[in-house]
$ cat coords.cif   # mmCIF, C-alpha atoms
data_target
#
loop_
_atom_site.label_atom_id
_atom_site.label_comp_id
_atom_site.auth_asym_id
_atom_site.auth_seq_id
_atom_site.Cartn_x
_atom_site.Cartn_y
_atom_site.Cartn_z
CA MET A 1 -7.03 -31.86 -6.34
CA LEU A 2 -5.97 -35.34 -7.38
CA LEU A 3 -6.15 -38.71 -5.66
CA GLY A 4 -3.04 -40.75 -4.89
CA ARG A 5 -1.43 -43.33 -2.65
CA VAL A 6 1.78 -42.65 -0.72
CA ILE A 7 4.23 -45.38 -1.72
CA GLY A 8 7.40 -44.13 -0.10
CA ARG A 9 9.42 -41.24 1.20
CA LEU A 10 12.35 -39.32 -0.08
CA VAL A 11 15.12 -37.64 1.86
CA SER A 12 17.11 -34.73 0.51
CA SER A 13 19.76 -32.87 2.51
CA GLN A 14 20.94 -30.39 -0.04
CA LYS A 15 17.83 -28.54 -1.10
CA LEU A 16 16.41 -25.07 -1.44
CA ASP A 17 16.05 -23.17 1.86
CA ALA A 18 12.34 -22.83 1.11
CA PHE A 19 11.99 -26.59 1.63
CA THR A 20 13.58 -26.67 5.10
CA GLY A 21 11.47 -28.84 7.39
CA VAL A 22 9.31 -30.10 4.54
CA LYS A 23 8.78 -33.86 4.15
CA PHE A 24 8.83 -35.27 0.63
CA LEU A 25 6.74 -38.30 -0.23
CA ILE A 26 6.48 -40.44 -3.33
CA VAL A 27 2.88 -40.56 -4.56
CA GLN A 28 1.26 -42.86 -7.11
CA PRO A 29 -1.77 -41.14 -8.69
CA LEU A 30 -4.94 -43.28 -8.56
CA ASP A 31 -8.32 -43.40 -10.28
CA GLU A 32 -11.71 -43.90 -8.56
CA SER A 33 -11.20 -47.70 -8.42
CA MET A 34 -7.77 -47.27 -6.86
CA ASN A 35 -6.04 -48.34 -10.05
CA GLU A 36 -2.67 -46.77 -10.73
CA ILE A 37 -2.69 -44.10 -13.41
CA ARG A 38 0.09 -41.92 -14.79
CA GLU A 39 3.63 -41.77 -13.44
CA ILE A 40 4.65 -41.39 -9.81
CA ILE A 41 5.28 -37.91 -8.48
CA ILE A 42 7.15 -36.36 -5.55
CA ALA A 43 4.88 -34.29 -3.31
CA CYS A 44 5.47 -32.14 -0.22
CA ASP A 45 3.55 -33.32 2.84
CA THR A 46 1.54 -31.05 5.16
CA VAL A 47 -0.68 -33.63 6.94
CA GLN A 48 1.87 -36.17 8.24
CA ALA A 49 0.84 -38.82 5.75
CA GLY A 50 2.71 -42.12 5.72
CA GLU A 51 3.37 -45.02 3.42
CA GLY A 52 0.15 -46.72 2.28
CA ASP A 53 -2.11 -43.73 2.99
CA ILE A 54 -4.60 -42.68 0.34
CA VAL A 55 -4.31 -38.91 0.06
CA PHE A 56 -5.27 -36.06 -2.15
CA TYR A 57 -2.82 -33.49 -3.28
CA GLU A 58 -2.95 -30.07 -4.77
CA THR A 59 -1.04 -29.14 -7.91
CA GLY A 60 -0.07 -25.88 -9.54
CA ARG A 61 0.19 -22.52 -7.82
CA GLU A 62 -2.05 -23.71 -4.94
CA ALA A 63 0.57 -26.30 -3.98
CA THR A 64 2.74 -23.52 -2.59
CA ILE A 65 0.07 -22.15 -0.22
CA PRO A 66 0.06 -24.75 2.61
CA LEU A 67 3.85 -24.83 3.10
CA PRO A 68 5.43 -22.80 5.92
CA ASN A 69 7.68 -20.73 3.68
CA LYS A 70 5.38 -18.92 1.24
CA MET A 71 8.07 -18.38 -1.40
CA ASN A 72 8.58 -22.02 -2.32
CA PRO A 73 8.60 -23.73 -5.69
CA SER A 74 6.41 -26.74 -4.82
CA ASP A 75 4.18 -28.05 -7.61
CA ALA A 76 2.49 -30.85 -5.65
CA THR A 77 1.50 -30.78 -1.98
CA ILE A 78 -0.50 -33.36 -0.04
CA THR A 79 -3.37 -31.56 1.71
CA ALA A 80 -5.57 -34.35 3.13
CA ILE A 81 -5.55 -38.01 4.13
CA VAL A 82 -8.57 -39.86 2.75
CA ASP A 83 -10.64 -41.90 5.23
CA GLN A 84 -13.29 -43.10 2.88
CA VAL A 85 -14.16 -42.97 -0.80
CA ASN A 86 -17.81 -43.43 -1.81
CA VAL A 87 -18.38 -44.23 -5.46
CA GLY A 88 -22.07 -43.72 -6.13
CA MET B 1 -13.99 -24.66 -16.78
CA ILE B 2 -14.57 -28.27 -17.73
CA LEU B 3 -17.54 -30.57 -18.00
CA GLY B 4 -17.58 -33.52 -15.61
CA ARG B 5 -19.72 -36.12 -13.94
CA VAL B 6 -19.78 -36.54 -10.16
CA ILE B 7 -19.06 -40.17 -9.34
CA GLY B 8 -18.79 -40.03 -5.58
CA ASN B 9 -17.39 -38.24 -2.59
CA VAL B 10 -14.21 -38.34 -0.56
CA VAL B 11 -14.20 -38.17 3.24
CA SER B 12 -11.15 -37.08 5.19
CA THR B 13 -10.50 -36.12 8.79
CA ILE B 14 -6.88 -35.05 8.70
CA LYS B 15 -6.86 -32.25 6.17
CA ASN B 16 -5.85 -28.71 5.46
CA PRO B 17 -8.06 -26.30 7.48
CA ALA B 18 -9.24 -24.79 4.19
CA TYR B 19 -11.34 -27.91 3.52
CA ILE B 20 -13.21 -27.84 6.83
CA GLY B 21 -16.94 -27.64 6.14
CA GLU B 22 -16.51 -28.17 2.42
CA LYS B 23 -17.74 -31.20 0.47
CA THR B 24 -15.10 -32.85 -1.68
CA MET B 25 -16.41 -34.78 -4.66
CA MET B 26 -14.78 -37.09 -7.16
CA VAL B 27 -15.41 -35.87 -10.69
CA LEU B 28 -14.66 -37.67 -13.93
CA PRO B 29 -14.09 -35.25 -16.82
CA ILE B 30 -16.45 -36.06 -19.70
CA ASP B 31 -17.12 -34.83 -23.23
CA PRO B 32 -20.62 -33.66 -24.32
CA ASP B 33 -21.44 -37.27 -25.31
CA ASN B 34 -20.88 -38.41 -21.71
CA LYS B 35 -17.70 -40.26 -22.64
CA PRO B 36 -14.86 -40.07 -20.09
CA ASN B 37 -12.35 -37.51 -21.19
CA GLY B 38 -9.44 -37.43 -18.76
CA ASP B 39 -8.30 -38.61 -15.36
CA LEU B 40 -10.22 -38.38 -12.09
CA ILE B 41 -10.14 -35.08 -10.21
CA ILE B 42 -11.31 -34.09 -6.74
CA ALA B 43 -13.20 -30.82 -6.46
CA VAL B 44 -14.74 -28.76 -3.67
CA ASP B 45 -18.50 -28.62 -4.17
CA LYS B 46 -20.26 -25.24 -3.83
CA VAL B 47 -23.60 -26.18 -5.47
CA GLN B 48 -24.69 -29.32 -3.56
CA ALA B 49 -24.07 -31.71 -6.45
CA GLY B 50 -24.57 -35.45 -5.95
CA PRO B 51 -23.35 -38.66 -7.58
CA GLY B 52 -24.49 -38.85 -11.22
CA ASP B 53 -24.84 -35.10 -11.71
CA LYS B 54 -23.24 -33.48 -14.73
CA VAL B 55 -21.35 -30.44 -13.48
CA ILE B 56 -19.15 -27.54 -14.46
CA VAL B 57 -15.82 -27.57 -12.67
CA MET B 58 -13.58 -24.55 -12.39
CA THR B 59 -10.02 -25.79 -12.74
CA GLU B 60 -8.10 -22.57 -12.61
CA GLY B 61 -6.70 -21.69 -9.22
CA ASN B 62 -7.29 -17.97 -8.96
CA SER B 63 -10.96 -18.08 -9.96
CA ALA B 64 -11.54 -21.10 -7.74
CA ARG B 65 -9.99 -19.38 -4.75
CA GLN B 66 -12.12 -16.28 -5.21
CA LEU B 67 -15.22 -18.41 -4.59
CA LEU B 68 -14.00 -19.60 -1.22
CA GLU B 69 -14.13 -17.46 1.85
CA THR B 70 -10.43 -16.86 2.36
CA LYS B 71 -8.02 -15.85 -0.34
CA ASP B 72 -5.20 -18.19 0.66
CA THR B 73 -6.81 -21.58 0.30
CA PRO B 74 -5.02 -24.45 -1.41
CA VAL B 75 -7.95 -25.29 -3.68
CA ASN B 76 -7.83 -25.16 -7.45
CA MET B 77 -10.87 -27.20 -8.45
CA VAL B 78 -14.39 -26.11 -7.52
CA ILE B 79 -17.76 -27.37 -8.77
CA VAL B 80 -19.60 -24.20 -9.76
CA GLY B 81 -22.73 -25.45 -11.52
CA ILE B 82 -24.99 -28.41 -12.22
CA VAL B 83 -25.66 -28.87 -15.93
CA ASP B 84 -29.29 -29.32 -16.97
CA HIS B 85 -28.80 -29.63 -20.68
CA VAL B 86 -26.02 -29.60 -23.26
CA GLU B 87 -26.65 -28.75 -26.89
CA TYR B 88 -23.86 -28.97 -29.40
CA VAL B 89 -23.06 -29.80 -33.00
CA LYS B 90 -20.54 -32.56 -33.68
#
$ encode --input "coords.cif" --output "structure tokens"
Amino acid sequence: MLLGRVIGRLVSSQKLDAFTGVKFLIVQPLDESMNEIREIIIACDTVQAGEGDIVFYETGREATIPLPNKMNPSDATITAIVDQVNVG
Amino acid sequence: MILGRVIGNVVSTIKNPAYIGEKTMMVLPIDPDNKPNGDLIIAVDKVQAGPGDKVIVMTEGNSARQLLETKDTPVNMVIVGIVDHVEYVK
């Protein structure tokens, strides 16, 4: 899983049937100090995250598991909203 | 599997049911000289690691999922061991 901040949303009407009812969000990957790293990504949302939320998202084959339609081609899916980060 | 150092934990309330009861830790990939070697990852902890521990992290989905109780969990990074000692030749 990777850490990121939701910076916006994305609406698409003409999309694969597998993505029906799925919300797309724009996510900026972050490091442990909340600095921006890498390029932004588009991720499917499963936890009703909103703009400004710190989240973590799953990539790869596991990104397809939480979505309602199992045969979907998602490669990034938000699976949790972060309440607190403790850097020890 | 990769070598990493645990730098902290992540707490979340609203999450996928697969993470309930699991500890999620922030891990910084490192090389054998303890130098950072990649971007931060978040991994489910199965060995009770704590901040500062050097750990082995499984980063391949299928093997990671086999360690968890159900087969359909959206988890692809799991801490599977705490490293006591690394010996290598540069």
$ resolve_selection --input "coords.cif" --expression "the PyMOL selection byres ((chain B) within 6 of (chain A))" --output "ChimeraX atom specification"
/B:7-12,14-16,40-42,51,74
$ write_last_selection --input "coords.cif" --atoms "C-alpha atoms" --output "mmCIF file, keeping the file's coordinate frame"
data_model
loop_
_atom_site.group_PDB
_atom_site.id
_atom_site.type_symbol
_atom_site.label_atom_id
_atom_site.label_comp_id
_atom_site.auth_asym_id
_atom_site.auth_seq_id
_atom_site.Cartn_x
_atom_site.Cartn_y
_atom_site.Cartn_z
ATOM 1 C CA ILE B 7 -19.060 -40.170 -9.340
ATOM 2 C CA GLY B 8 -18.790 -40.030 -5.580
ATOM 3 C CA ASN B 9 -17.390 -38.240 -2.590
ATOM 4 C CA VAL B 10 -14.210 -38.340 -0.560
ATOM 5 C CA VAL B 11 -14.200 -38.170 3.240
ATOM 6 C CA SER B 12 -11.150 -37.080 5.190
ATOM 7 C CA ILE B 14 -6.880 -35.050 8.700
ATOM 8 C CA LYS B 15 -6.860 -32.250 6.170
ATOM 9 C CA ASN B 16 -5.850 -28.710 5.460
ATOM 10 C CA LEU B 40 -10.220 -38.380 -12.090
ATOM 11 C CA ILE B 41 -10.140 -35.080 -10.210
ATOM 12 C CA ILE B 42 -11.310 -34.090 -6.740
ATOM 13 C CA PRO B 51 -23.350 -38.660 -7.580
ATOM 14 C CA PRO B 74 -5.020 -24.450 -1.410
#
$ atom_distance --input "coords.cif" --atom1 "CA of Ile41 in chain A" --atom2 "CA of Leu10 in chain A"
11.1 Å
$ residues_around --input "coords.cif" --residues "Ala49 in chain B" --least-positions-apart "4" --cutoff "10 Å" --atoms "only C-alpha atoms" --output "PDB file with C-alpha atoms, keeping the file's coordinate frame"
ATOM      1  CA  ARG B   5     -19.720 -36.120 -13.940  1.00  0.00           C
ATOM      2  CA  VAL B   6     -19.780 -36.540 -10.160  1.00  0.00           C
ATOM      3  CA  GLY B   8     -18.790 -40.030  -5.580  1.00  0.00           C
ATOM      4  CA  LYS B  23     -17.740 -31.200   0.470  1.00  0.00           C
ATOM      5  CA  MET B  25     -16.410 -34.780  -4.660  1.00  0.00           C
ATOM      6  CA  ASP B  45     -18.500 -28.620  -4.170  1.00  0.00           C
ATOM      7  CA  ASP B  53     -24.840 -35.100 -11.710  1.00  0.00           C
ATOM      8  CA  LYS B  54     -23.240 -33.480 -14.730  1.00  0.00           C
ATOM      9  CA  VAL B  55     -21.350 -30.440 -13.480  1.00  0.00           C
ATOM     10  CA  ILE B  79     -17.760 -27.370  -8.770  1.00  0.00           C
ATOM     11  CA  VAL B  80     -19.600 -24.200  -9.760  1.00  0.00           C
ATOM     12  CA  GLY B  81     -22.730 -25.450 -11.520  1.00  0.00           C
ATOM     13  CA  ILE B  82     -24.990 -28.410 -12.220  1.00  0.00           C
TER      14      ILE B  82
END
$ closest_residue --input "coords.cif" --among "B:Ala43, B:Asn37, B:Leu3, B:Arg65" --to "Thr24 in chain B" --atoms "only C-alpha atoms"
B:Ala43
$ closest_residue --input "coords.cif" --among "A:Cys44, A:Met34, A:Asn69, A:Ala76" --to "Ser12 in chain A" --atoms "only C-alpha atoms"
A:Cys44
$ atom_distance --input "coords.cif" --atom1 "CA of Arg5 in chain A" --atom2 "CA of Leu67 in chain B"
28.5 Å
$ axis_aligned_box --input "coords.cif" --around "range 52-64 of chain B" --padding-each-side "4 Å" --output "JSON"
{"center_x": -15.8, "center_y": -28.4, "center_z": -11.2, "size_x": 26.1, "size_y": 28.9, "size_z": 15.0}
$ resolve_selection --input "coords.cif" --expression "the PyMOL selection byres ((chain B and resi 68) around 10)" --output "MDAnalysis selection string"
chainID B and resid 18:19 22 44 46 63:67 69:73 75 78
$ closest_residue --input "coords.cif" --among "A:Lys15, A:Gly4, A:Asp45, A:Lys70" --to "Val27 in chain A" --atoms "only C-alpha atoms"
A:Gly4
$ atom_distance --input "coords.cif" --atom1 "CA of Lys90 in chain B" --atom2 "CA of Pro32 in chain B"
9.4 Å
$ closest_residue --input "coords.cif" --among "B:Ile20, B:Val89, B:Leu28, B:Met1" --to "Asn76 in chain B" --atoms "only C-alpha atoms"
B:Met1
